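Next comes coords-v7.txt, with compact mmCIF, C-alpha atoms and all ligand atoms.
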# COMPACT_ATOMS: atom_id res chain seq x y z
CA MET P 1 172.36 108.10 82.48
CA GLN P 2 171.45 108.01 78.81
CA GLU P 3 167.85 109.06 78.59
CA SER P 4 167.21 107.40 75.23
CA LYS P 5 168.04 104.04 76.80
CA PHE P 6 164.87 104.33 78.89
CA PHE P 7 162.55 106.53 76.87
CA GLN P 8 162.84 105.50 73.29
CA GLU P 9 161.66 107.40 70.25
CA ARG P 10 159.29 104.80 68.84
CA ALA P 11 158.21 106.04 65.44
CA ILE P 12 158.79 102.62 63.91
CA GLN P 13 157.02 103.64 60.71
CA ASN P 14 155.76 107.15 60.39
CA PRO P 15 153.00 107.82 57.85
CA TRP P 16 153.01 111.45 59.00
CA SER P 17 156.69 112.04 58.25
CA ASP P 18 155.85 114.94 55.93
CA VAL P 19 153.84 116.79 58.60
CA ALA P 20 155.55 119.96 59.82
CA LYS P 21 157.09 119.55 63.28
CA ALA P 22 155.09 122.51 64.56
CA ASP P 23 151.86 120.75 63.54
CA TRP P 24 152.92 117.39 64.95
CA ASN P 25 153.71 119.04 68.29
CA ASN P 26 150.42 120.91 68.32
CA TRP P 27 147.82 119.07 70.39
CA LYS P 28 144.97 120.53 68.36
CA TRP P 29 146.52 119.13 65.17
CA GLN P 30 146.83 115.73 66.87
CA LEU P 31 143.17 115.81 67.92
CA LYS P 32 141.97 116.94 64.51
CA ASN P 33 143.93 114.18 62.78
CA ARG P 34 142.85 111.28 64.97
CA ILE P 35 142.13 107.96 63.34
CA THR P 36 138.42 107.44 63.82
CA SER P 37 137.28 105.03 61.11
CA LEU P 38 137.94 101.57 59.76
CA GLU P 39 138.89 103.05 56.38
CA GLN P 40 141.57 105.29 57.92
CA LEU P 41 142.95 102.41 59.95
CA GLU P 42 143.11 100.10 56.95
CA ASP P 43 145.25 102.64 55.12
CA LEU P 44 147.75 102.53 57.97
CA ILE P 45 147.90 98.97 59.22
CA GLU P 46 146.95 95.48 58.16
CA LEU P 47 144.02 94.49 60.36
CA SER P 48 143.07 90.98 61.38
CA PRO P 49 139.50 89.79 60.63
CA ASP P 50 138.75 90.17 64.38
CA GLU P 51 139.92 93.76 64.35
CA ARG P 52 138.08 94.61 61.15
CA ALA P 53 134.81 93.28 62.59
CA GLY P 54 135.52 95.07 65.89
CA CYS P 55 136.00 98.39 64.10
CA ARG P 56 132.70 97.99 62.24
CA PHE P 57 130.92 97.56 65.57
CA ALA P 58 132.99 100.03 67.59
CA ASN P 59 131.01 103.18 67.05
CA LYS P 60 127.87 101.52 68.41
CA LYS P 61 129.55 100.90 71.78
CA LEU P 62 132.70 102.91 72.37
CA ALA P 63 134.03 105.11 69.60
CA LEU P 64 137.26 104.38 67.81
CA ALA P 65 139.75 107.23 68.14
CA ILE P 66 143.57 107.13 68.23
CA THR P 67 145.90 110.13 68.10
CA PRO P 68 148.63 109.90 65.41
CA TYR P 69 151.25 110.20 68.17
CA PHE P 70 149.88 107.17 70.05
CA PHE P 71 149.30 105.20 66.86
CA ASN P 72 152.97 105.63 65.98
CA LEU P 73 153.91 103.66 69.10
CA ILE P 74 152.42 100.52 67.53
CA ASP P 75 154.82 98.04 65.99
CA ARG P 76 152.79 97.35 62.83
CA SER P 77 154.48 93.99 62.29
CA ASN P 78 153.30 92.65 65.65
CA PRO P 79 149.64 91.56 65.70
CA HIS P 80 149.86 91.34 69.51
CA ASP P 81 151.48 94.74 70.02
CA PRO P 82 150.48 95.99 73.51
CA ILE P 83 149.48 99.47 72.29
CA ARG P 84 147.49 98.02 69.40
CA GLN P 85 145.45 95.83 71.73
CA GLN P 86 144.53 98.78 73.95
CA VAL P 87 143.04 100.98 71.25
CA ILE P 88 142.10 98.90 68.19
CA PRO P 89 138.70 97.27 68.72
CA ARG P 90 138.25 93.52 68.32
CA VAL P 91 135.11 91.54 67.64
CA GLN P 92 135.26 90.05 71.14
CA GLU P 93 133.95 93.41 72.40
CA THR P 94 130.56 92.40 71.00
CA GLN P 95 130.37 89.36 73.28
CA THR P 96 128.99 89.94 76.74
CA GLN P 97 129.88 87.37 79.40
CA ASP P 98 128.03 86.46 82.59
CA GLY P 99 128.69 89.02 85.30
CA GLU P 100 129.58 91.82 82.87
CA SER P 101 127.56 95.02 82.71
CA SER P 102 127.62 98.53 81.31
CA ASP P 103 128.11 99.99 84.81
CA PRO P 104 130.25 97.32 86.47
CA VAL P 105 131.25 99.31 89.55
CA GLY P 106 127.77 100.65 90.25
CA GLU P 107 128.48 104.35 89.70
CA GLU P 108 124.89 105.13 88.73
CA SER P 109 123.59 104.01 92.10
CA SER P 110 125.95 106.41 93.89
CA SER P 111 125.14 109.39 91.73
CA PRO P 112 123.01 111.97 93.58
CA VAL P 113 123.15 114.41 90.63
CA GLY P 114 124.35 113.97 87.05
CA GLY P 115 128.13 113.96 86.80
CA ILE P 116 128.74 113.31 90.52
CA VAL P 117 129.59 109.92 92.02
CA HIS P 118 129.54 110.11 95.81
CA ARG P 119 130.59 106.75 97.22
CA TYR P 120 133.04 107.57 100.01
CA PRO P 121 131.98 110.00 102.73
CA ASP P 122 134.54 112.78 102.26
CA ARG P 123 135.20 112.71 98.52
CA VAL P 124 133.44 112.78 95.18
CA LEU P 125 134.16 111.91 91.61
CA PHE P 126 133.20 114.82 89.38
CA LEU P 127 132.71 113.81 85.72
CA VAL P 128 133.31 116.98 83.78
CA THR P 129 133.41 115.81 80.18
CA ASP P 130 132.45 112.76 78.14
CA ARG P 131 135.38 112.98 75.70
CA CYS P 132 138.84 111.43 75.65
CA ALA P 133 141.76 111.89 73.26
CA ALA P 134 141.65 108.18 72.42
CA TYR P 135 139.44 105.35 73.66
CA CYS P 136 140.67 102.39 75.71
CA ARG P 137 138.82 99.25 74.67
CA TYR P 138 138.34 98.14 78.30
CA CYS P 139 136.99 101.49 79.55
CA THR P 140 134.80 101.13 82.65
CA ARG P 141 132.91 104.25 81.60
CA SER P 142 132.32 103.24 78.01
CA ARG P 143 128.61 103.86 78.67
CA LEU P 144 129.44 107.54 79.17
CA VAL P 145 132.49 108.44 77.15
CA SER P 146 132.64 109.01 73.40
CA ASN P 147 128.85 109.23 73.17
CA ALA P 148 128.89 106.26 70.80
CA GLN P 149 125.71 105.03 72.46
CA ASP P 150 123.96 108.40 72.51
CA TYR P 151 124.03 108.20 76.27
CA ASN P 152 122.44 111.25 77.75
CA PHE P 153 125.54 112.75 79.33
CA HIS P 154 125.62 116.52 79.31
CA PRO P 155 128.36 117.80 81.56
CA ASN P 156 126.68 120.38 83.70
CA TYR P 157 129.16 121.81 86.11
CA LYS P 158 126.57 123.88 87.86
CA ALA P 159 124.59 120.99 89.34
CA GLY P 160 127.82 119.24 90.36
CA LEU P 161 129.31 122.37 91.92
CA ASP P 162 126.05 123.08 93.75
CA TYR P 163 126.09 119.55 95.17
CA ILE P 164 129.70 119.87 96.35
CA ARG P 165 128.95 123.31 97.83
CA ALA P 166 125.93 121.97 99.72
CA ASN P 167 127.82 119.04 101.28
CA PRO P 168 130.48 120.30 103.69
CA GLN P 169 131.83 116.80 104.36
CA ILE P 170 133.34 116.76 100.84
CA ARG P 171 136.98 117.70 101.22
CA ASP P 172 138.39 115.87 98.18
CA VAL P 173 137.24 116.21 94.56
CA LEU P 174 138.52 113.97 91.77
CA LEU P 175 137.94 115.45 88.32
CA SER P 176 137.50 112.81 85.68
CA GLY P 177 135.23 111.97 82.77
CA GLY P 178 136.21 111.46 79.99
CA ASP P 179 139.39 113.45 80.28
CA PRO P 180 139.32 116.80 82.08
CA LEU P 181 142.49 117.94 80.29
CA LEU P 182 140.50 118.06 77.05
CA LEU P 183 138.66 121.08 78.43
CA SER P 184 140.00 124.39 77.12
CA ASN P 185 142.42 126.19 79.41
CA ASN P 186 139.79 128.83 80.17
CA LYS P 187 137.16 126.26 81.13
CA LEU P 188 139.57 124.28 83.25
CA ASP P 189 140.83 127.40 84.99
CA ARG P 190 137.26 128.49 85.70
CA LEU P 191 136.30 125.08 87.02
CA LEU P 192 139.32 124.90 89.32
CA SER P 193 138.64 128.46 90.55
CA ASP P 194 135.03 127.53 91.31
CA LEU P 195 136.20 124.50 93.31
CA ARG P 196 138.86 126.53 95.12
CA ALA P 197 136.15 128.99 96.13
CA ILE P 198 134.36 126.26 98.11
CA GLU P 199 135.84 126.48 101.57
CA HIS P 200 135.53 122.82 102.56
CA VAL P 201 137.21 121.53 99.36
CA GLU P 202 140.81 120.98 100.43
CA PHE P 203 142.12 118.54 97.90
CA ILE P 204 141.71 118.47 94.11
CA ARG P 205 142.84 115.62 91.89
CA ILE P 206 142.67 115.08 88.15
CA GLY P 207 142.50 111.65 86.50
CA SER P 208 143.87 111.92 82.96
CA ARG P 209 145.29 109.81 80.17
CA ILE P 210 146.14 112.92 78.14
CA PRO P 211 149.88 112.82 78.98
CA VAL P 212 149.92 109.33 77.46
CA PHE P 213 147.67 109.84 74.41
CA LEU P 214 148.44 113.48 73.74
CA PRO P 215 151.54 114.69 75.63
CA GLN P 216 151.60 117.81 73.43
CA ARG P 217 148.62 119.07 75.46
CA ILE P 218 150.83 119.57 78.53
CA ASP P 219 151.96 122.98 77.37
CA SER P 220 153.20 125.95 79.34
CA GLU P 221 149.81 127.66 79.53
CA LEU P 222 148.18 124.58 81.05
CA CYS P 223 151.06 124.16 83.49
CA LYS P 224 150.70 127.81 84.57
CA ILE P 225 147.04 127.18 85.40
CA LEU P 226 147.82 124.00 87.35
CA LYS P 227 150.55 125.82 89.26
CA LYS P 228 148.31 128.79 90.04
CA GLN P 229 145.49 126.53 91.22
CA GLY P 230 147.80 124.10 93.03
CA PRO P 231 148.28 121.88 94.73
CA ILE P 232 146.55 119.78 92.10
CA TRP P 233 147.42 116.07 92.20
CA MET P 234 147.23 114.00 89.05
CA SER P 235 146.80 110.31 88.30
CA ILE P 236 147.94 109.35 84.84
CA HIS P 237 147.24 105.98 83.22
CA VAL P 238 150.18 104.09 81.71
CA ASN P 239 149.84 100.35 81.14
CA HIS P 240 152.96 99.29 79.28
CA PRO P 241 156.61 100.41 79.16
CA ASN P 242 156.29 101.14 75.42
CA GLU P 243 154.09 104.09 76.40
CA CYS P 244 157.03 105.62 78.27
CA THR P 245 158.43 107.77 75.49
CA SER P 246 160.59 110.86 75.70
CA GLU P 247 157.42 112.89 74.91
CA LEU P 248 155.62 111.42 77.94
CA LYS P 249 158.68 112.01 80.10
CA TYR P 250 158.81 115.63 78.97
CA ALA P 251 155.10 116.06 79.78
CA CYS P 252 155.64 114.55 83.25
CA ASP P 253 158.67 116.78 83.82
CA ARG P 254 156.59 119.84 82.98
CA LEU P 255 153.79 118.76 85.31
CA ALA P 256 156.22 117.96 88.11
CA PHE P 257 157.96 121.33 87.71
CA ALA P 258 154.52 122.97 87.87
CA GLY P 259 154.15 121.39 91.32
CA VAL P 260 151.78 118.57 90.30
CA PRO P 261 152.45 115.35 92.26
CA LEU P 262 152.02 112.44 89.85
CA GLY P 263 150.73 108.92 90.40
CA ASN P 264 149.96 106.18 87.92
CA GLN P 265 146.98 103.85 87.64
CA SER P 266 147.46 100.81 85.43
CA VAL P 267 144.88 98.22 84.50
CA LEU P 268 146.10 94.64 84.46
CA LEU P 269 145.38 93.42 80.93
CA LYS P 270 145.77 89.98 79.42
CA GLY P 271 148.50 89.82 76.79
CA ILE P 272 149.45 93.44 77.45
CA ASN P 273 151.07 93.79 80.86
CA ASN P 274 150.36 90.60 82.82
CA ARG P 275 153.99 89.53 82.98
CA ALA P 276 156.36 90.29 85.84
CA GLU P 277 159.19 91.56 83.64
CA ILE P 278 156.84 93.91 81.75
CA LEU P 279 155.36 95.30 84.95
CA LYS P 280 158.82 95.73 86.41
CA GLN P 281 160.03 97.68 83.38
CA LEU P 282 156.92 99.82 83.55
CA ILE P 283 157.18 100.75 87.22
CA HIS P 284 160.90 101.47 86.92
CA LYS P 285 160.30 103.82 83.99
CA LEU P 286 157.49 105.50 85.90
CA LEU P 287 159.82 106.25 88.81
CA LEU P 288 162.33 107.79 86.41
CA MET P 289 159.55 110.07 85.15
CA ARG P 290 158.78 111.17 88.75
CA VAL P 291 155.55 109.17 88.68
CA ARG P 292 154.70 107.00 91.68
CA PRO P 293 152.99 103.72 90.67
CA TYR P 294 149.77 103.99 92.67
CA TYR P 295 147.14 101.43 91.69
CA LEU P 296 147.18 98.28 89.60
CA TYR P 297 143.52 97.57 88.84
CA GLN P 298 141.93 94.26 88.17
CA CYS P 299 140.04 94.94 84.91
CA ASP P 300 136.40 95.77 85.70
CA LEU P 301 133.60 93.55 84.47
CA ILE P 302 132.66 95.92 81.68
CA ASN P 303 130.68 94.42 78.78
CA GLY P 304 132.88 92.82 76.14
CA SER P 305 136.15 92.86 78.10
CA ALA P 306 136.64 89.14 78.84
CA HIS P 307 139.38 88.85 76.21
CA LEU P 308 141.42 91.44 78.12
CA ARG P 309 140.71 90.35 81.68
CA THR P 310 143.08 88.26 83.79
CA ASP P 311 142.36 85.96 86.71
CA PRO P 312 142.71 88.12 89.87
CA ARG P 313 145.11 85.52 91.28
CA GLU P 314 147.56 86.57 88.56
CA GLY P 315 147.57 90.09 89.97
CA ILE P 316 148.30 88.78 93.47
CA ALA P 317 151.16 86.65 92.16
CA LEU P 318 152.56 89.58 90.17
CA ILE P 319 152.61 91.86 93.21
CA LYS P 320 154.25 89.09 95.21
CA SER P 321 156.92 88.77 92.52
CA LEU P 322 157.71 92.48 92.89
CA ARG P 323 157.66 92.89 96.69
CA GLY P 324 161.21 92.61 98.04
CA HIS P 325 162.63 92.47 94.53
CA THR P 326 162.42 96.15 93.68
CA THR P 327 162.12 99.60 95.24
CA GLY P 328 159.13 99.79 97.58
CA TYR P 329 158.04 103.10 96.01
CA ALA P 330 157.67 101.29 92.69
CA ILE P 331 155.09 98.75 93.85
CA PRO P 332 151.48 99.69 93.14
CA GLN P 333 148.55 98.58 95.27
CA PHE P 334 146.59 95.87 93.49
CA VAL P 335 142.86 96.65 93.80
CA ILE P 336 139.52 95.32 92.70
CA ASP P 337 136.79 97.91 92.30
CA ALA P 338 134.05 95.78 93.79
CA PRO P 339 131.28 94.85 91.33
CA GLY P 340 128.03 96.60 92.14
CA GLY P 341 129.49 99.56 94.01
CA GLY P 342 131.57 98.37 96.96
CA GLY P 343 134.46 100.68 96.11
CA LYS P 344 138.13 99.86 95.69
CA ILE P 345 139.32 96.96 97.80
CA PRO P 346 143.07 96.37 98.24
CA ILE P 347 144.04 92.81 97.38
CA ASN P 348 147.33 91.81 98.94
CA PRO P 349 149.46 88.71 98.86
CA ASP P 350 149.08 86.99 102.21
CA TYR P 351 152.12 87.79 104.31
CA ILE P 352 150.36 87.09 107.62
CA GLU P 353 150.48 83.43 108.54
CA SER P 354 148.71 83.64 111.88
CA ILE P 355 147.91 85.99 114.74
CA THR P 356 148.21 84.33 118.13
CA GLU P 357 147.70 85.85 121.56
CA LYS P 358 151.36 86.74 121.73
CA PHE P 359 152.59 87.18 118.20
CA ILE P 360 151.82 88.09 114.67
CA VAL P 361 153.52 85.43 112.55
CA MET P 362 154.59 86.65 109.11
CA LYS P 363 156.42 85.44 106.06
CA ASN P 364 158.86 87.69 104.25
CA PHE P 365 159.36 87.96 100.48
CA GLU P 366 161.56 84.84 100.52
CA GLY P 367 158.96 82.81 102.38
CA LYS P 368 160.96 82.90 105.66
CA ARG P 369 158.90 83.05 108.83
CA TYR P 370 159.19 85.87 111.42
CA ARG P 371 157.17 86.87 114.47
CA TYR P 372 156.40 90.21 115.98
CA PRO P 373 155.28 90.41 119.63
CA LEU P 374 151.80 91.67 120.45
CA LYS P 375 152.03 91.91 124.23
CA PRO P 376 154.61 93.36 126.63
CA GLN P 377 155.19 89.89 128.10
CA ALA P 378 156.10 88.61 124.67
CA THR P 379 158.55 91.50 124.26
CA GLN P 380 160.27 90.55 127.47
CA ASP P 381 160.52 86.96 126.26
CA LEU P 382 162.24 88.15 123.12
CA ASN P 383 164.59 90.39 125.08
CA ARG P 384 165.41 87.89 127.76
CA ASN P 385 169.10 87.97 126.84
CA TYR P 386 169.27 91.70 127.44
CA ALA P 387 170.57 92.53 130.91
CA PRO P 388 171.01 96.27 131.57
CA SER P 389 174.27 97.21 133.24
CA THR P 390 174.21 98.79 136.70
CA GLU P 391 174.83 102.20 135.09
CA ASP P 392 171.96 101.73 132.63
CA ARG P 393 169.62 100.73 135.45
CA ASP P 394 170.20 104.10 137.10
CA TRP P 395 168.40 105.88 134.31
CA ILE P 396 166.11 103.12 133.00
CA GLU P 397 164.41 102.34 136.32
CA PRO P 398 163.23 105.88 137.12
CA ILE P 399 161.63 106.06 133.65
CA LEU P 400 159.88 102.73 134.07
CA ALA P 401 158.77 103.50 137.61
S1 LIG P 501 141.11 107.55 78.95
FE1 LIG P 501 140.01 106.76 80.75
S2 LIG P 501 137.88 107.46 80.48
FE2 LIG P 501 138.94 107.64 78.47
S3 LIG P 501 138.54 105.73 77.40
FE3 LIG P 501 140.49 105.46 78.48
S4 LIG P 501 139.91 104.55 80.44
FE4 LIG P 501 138.05 105.41 79.56

Represent the structure from my file as C-alpha cells, please.
Ligand code: SF4
Amino acid sequence: MQESKFFQERAIQNPWSDVAKADWNNWKWQLKNRITSLEQLEDLIELSPDERAGCRFANKKLALAITPYFFNLIDRSNPHDPIRQQVIPRVQETQTQDGESSDPVGEESSSPVGGIVHRYPDRVLFLVTDRCAAYCRYCTRSRLVSNAQDYNFHPNYKAGLDYIRANPQIRDVLLSGGDPLLLSNNKLDRLLSDLRAIEHVEFIRIGSRIPVFLPQRIDSELCKILKKQGPIWMSIHVNHPNECTSELKYACDRLAFAGVPLGNQSVLLKGINNRAEILKQLIHKLLLMRVRPYYLYQCDLINGSAHLRTDPREGIALIKSLRGHTTGYAIPQFVIDAPGGGGKIPINPDYIESITEKFIVMKNFEGKRYRYPLKPQATQDLNRNYAPSTEDRDWIEPILA
C-alpha cells in the first residue's frame, strides 16, 4: 500500500520553507514559534471579519496558539477549512447561549482537591498542567487551560498524589490538563514513577493532543519513558482526516512500538466532521495508524460554542450510517458528557424494537427484523425442526439428565 495515498504531506503553502529541517523537527522550536497573536496570523492568512474580531477577544477567554506544523495543514484558500475552524477564533465565541457554562460537565463539583476530578468510584482525572500546544476553540476546559482568564490553576502534584494515595478504591488514573506531554521528560517520568509507587493504582492513561499538534514531541526519549513506565494507555484527539499526516502516523508508530495502546476521541463539530464520508475517512485512517476510534463526543455546552455544536440526533444518525458499513473496530461510541456532572452517557441508535416475554426483537443495519429467544421454551420453539438422531441421543440425553 502506498502510504502517501493515505497520509499526505499537506504543506500547501509553507511560510517557514527557509527554516532548517532540524529546527522544524524540533518540538521546542515549534513551541517557541507558535502563532499567538492577531498580527502574526494576519501576516500568514487572510482573515474574515468574524475571525479578526474573534482573535481580538481570544486572549480574554481562551488563548490563541497554533504550532507552525498544525497551521501548515490549513488550506489558506478555503475559509471553511476544517483545521482553520478548530484553532482560529471567531467572534461567535463571545456569544453565550442558554444552557452554556464555563464548566459544562460539572467538574468543579466533583473536585475534592485542586487538580483532581473524582466522578466515578474507581478512577480519577488528574489535571497536571494548564498548558496545551495549541488551543481548540471548543475546549471544555477553557476555564482552566491557557490561563487567558487568570484562572487560579496551579498544578500541584503533591495534593493530587496525596489524594490518590489516601483513596485505595482508585485503580485508574487519567492524566490530562492541559496536555501532560508538555511536561518535561524528567517531570513526566517522576510523576509516572510516583503513581506507579501507589500500590492500588493499576492503570494509567494519558489524554493528549500533542501527537496531533506537535508530533515532533514524540521523540525517542519520551518513548523510552513511556515504555519503562508501561503499560501506559493513551487517548489522542483527531477530528478530521486532514490531521492524519505522515508526521502523525510516525508519532503513532513510535508510541505503538513503545507499547502504548492508542485510542482516539473526536468531538463532533459542525462544518468540520459532521458528515458520514468525512467520519468514515477519519476512522479508516485512524485504524491504519494503529489507533482505535474510541469516543465520538457530542460537543459540550461550553460558553461560546454554539456555532460548532451539532444536534445530537446528527451523531446518532452518523453512527447508524457507519454500523454494518465498515469494520466494527472503526466505529467509535457516541457519548454525551451529561451537563452538570452526570458523566459520559453512551448514546446509541435504537436497534432494539421490543423485548417481549420470549424474545428480544431487533433490527439490523439494513432495518431487517430479527428475534433472539429469552427463555428455554422459546429456544425449543426455534429449534423445533431439529430432531437428534438415535446416535446423538445416546450422548445428548445423559448430559441433559
Ligand atoms: S488539547 Fe484538549 S485541553 Fe487543550 S485546548 Fe484542546 S481540547 Fe482543550

Residues of chain P within 8 Å of ligand LIG 501 (chain P): nearest atom pair and distance (Å, one decimal) for each, counting all atoms listed in the file, sorted by chain and number, as a tab-separated table?
residue	atom	partner	partner_atom	distance
P:Asp130	CA	P:LIG501	S2	7.9
P:Arg131	CA	P:LIG501	FE2	7.0
P:Cys132	CA	P:LIG501	FE2	4.7
P:Ala133	CA	P:LIG501	S1	7.2
P:Ala134	CA	P:LIG501	S3	6.4
P:Tyr135	CA	P:LIG501	S3	3.9
P:Cys136	CA	P:LIG501	FE3	4.1
P:Arg137	CA	P:LIG501	S3	7.0
P:Tyr138	CA	P:LIG501	S4	6.9
P:Cys139	CA	P:LIG501	FE4	4.1
P:Thr140	CA	P:LIG501	FE4	6.2
P:Arg141	CA	P:LIG501	FE4	5.7
P:Ser142	CA	P:LIG501	FE4	6.3
P:Val145	CA	P:LIG501	S2	6.4
P:Ser146	CA	P:LIG501	S3	7.8
P:Ser176	CA	P:LIG501	S2	7.5
P:Gly177	CA	P:LIG501	S2	5.7
P:Gly178	CA	P:LIG501	S2	4.4
P:Asp179	CA	P:LIG501	FE2	6.1
P:Gly207	CA	P:LIG501	FE1	7.9
P:Ser208	CA	P:LIG501	S1	6.5
P:Arg209	CA	P:LIG501	S1	4.9
P:Ile210	CA	P:LIG501	S1	7.4
P:His237	CA	P:LIG501	S1	7.6

Write a file of the selected residues as a PDB file, in the coordinates of the input, keeping C-alpha atoms.
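selection17.pdb, freshly written:
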ATOM      1  CA  ASP P 130     132.450 112.760  78.140  1.00  0.00           C
ATOM      2  CA  ARG P 131     135.380 112.980  75.700  1.00  0.00           C
ATOM      3  CA  CYS P 132     138.840 111.430  75.650  1.00  0.00           C
ATOM      4  CA  ALA P 133     141.760 111.890  73.260  1.00  0.00           C
ATOM      5  CA  ALA P 134     141.650 108.180  72.420  1.00  0.00           C
ATOM      6  CA  TYR P 135     139.440 105.350  73.660  1.00  0.00           C
ATOM      7  CA  CYS P 136     140.670 102.390  75.710  1.00  0.00           C
ATOM      8  CA  ARG P 137     138.820  99.250  74.670  1.00  0.00           C
ATOM      9  CA  TYR P 138     138.340  98.140  78.300  1.00  0.00           C
ATOM     10  CA  CYS P 139     136.990 101.490  79.550  1.00  0.00           C
ATOM     11  CA  THR P 140     134.800 101.130  82.650  1.00  0.00           C
ATOM     12  CA  ARG P 141     132.910 104.250  81.600  1.00  0.00           C
ATOM     13  CA  SER P 142     132.320 103.240  78.010  1.00  0.00           C
ATOM     14  CA  VAL P 145     132.490 108.440  77.150  1.00  0.00           C
ATOM     15  CA  SER P 146     132.640 109.010  73.400  1.00  0.00           C
ATOM     16  CA  SER P 176     137.500 112.810  85.680  1.00  0.00           C
ATOM     17  CA  GLY P 177     135.230 111.970  82.770  1.00  0.00           C
ATOM     18  CA  GLY P 178     136.210 111.460  79.990  1.00  0.00           C
ATOM     19  CA  ASP P 179     139.390 113.450  80.280  1.00  0.00           C
ATOM     20  CA  GLY P 207     142.500 111.650  86.500  1.00  0.00           C
ATOM     21  CA  SER P 208     143.870 111.920  82.960  1.00  0.00           C
ATOM     22  CA  ARG P 209     145.290 109.810  80.170  1.00  0.00           C
ATOM     23  CA  ILE P 210     146.140 112.920  78.140  1.00  0.00           C
ATOM     24  CA  HIS P 237     147.240 105.980  83.220  1.00  0.00           C
TER      25      HIS P 237
END

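For P:Pro293, the set of protein, DNA and RNA residues having any atom at most 6 Å away, when counting all atoms listed in the file and skipping those fewer than 3 positions along the same chain, is Gly263, Asn264, Ala330 and Pro332 of chain P.
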
Mind dumping the selected residues with C-alpha atoms as a CSV table (one decimal), in the frame of the given file?
chain,number,residue,atom,x,y,z
P,263,GLY,CA,150.7,108.9,90.4
P,264,ASN,CA,150.0,106.2,87.9
P,330,ALA,CA,157.7,101.3,92.7
P,332,PRO,CA,151.5,99.7,93.1

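Closest to P:Asp337 among P:Gly106, P:Gly304, P:Pro261, P:Gly54 is P:Gly106, based on only C-alpha atoms.
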
Set the distance at 10 Å and use all atoms listed in the file: which residues neighbour P:Pro15 once local chain neighbours fewer than 5 positions away are removed? I'd like the list as an mmCIF file with C-alpha atoms, in the coordinates of the input.
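Okay, this is what ended up in selection39.cif:
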data_model
loop_
_atom_site.group_PDB
_atom_site.id
_atom_site.type_symbol
_atom_site.label_atom_id
_atom_site.label_comp_id
_atom_site.auth_asym_id
_atom_site.auth_seq_id
_atom_site.Cartn_x
_atom_site.Cartn_y
_atom_site.Cartn_z
ATOM 1 C CA ASP P 43 145.250 102.640 55.120
ATOM 2 C CA LEU P 44 147.750 102.530 57.970
ATOM 3 C CA PRO P 68 148.630 109.900 65.410
ATOM 4 C CA ASN P 72 152.970 105.630 65.980
#

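Atom to atom, atom CA of P:Ile164 and atom CA of P:Asn147 stand 25.5 Å apart.
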
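Nearest-residue note for P:Tyr120: choosing from P:Leu262, P:Leu268, P:Ala317, P:Val173, the minimum distance belongs to P:Val173, counting all atoms listed in the file.
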
Quiz item: Counting only C-alpha atoms, which of P:Leu183, P:Ile88, P:Ile83, P:Ala20 gets nearest to P:Leu64?
Solution: P:Ile88

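As for atom CA of P:Glu202 and atom CA of P:Ser184, they are spaced 23.6 Å apart.
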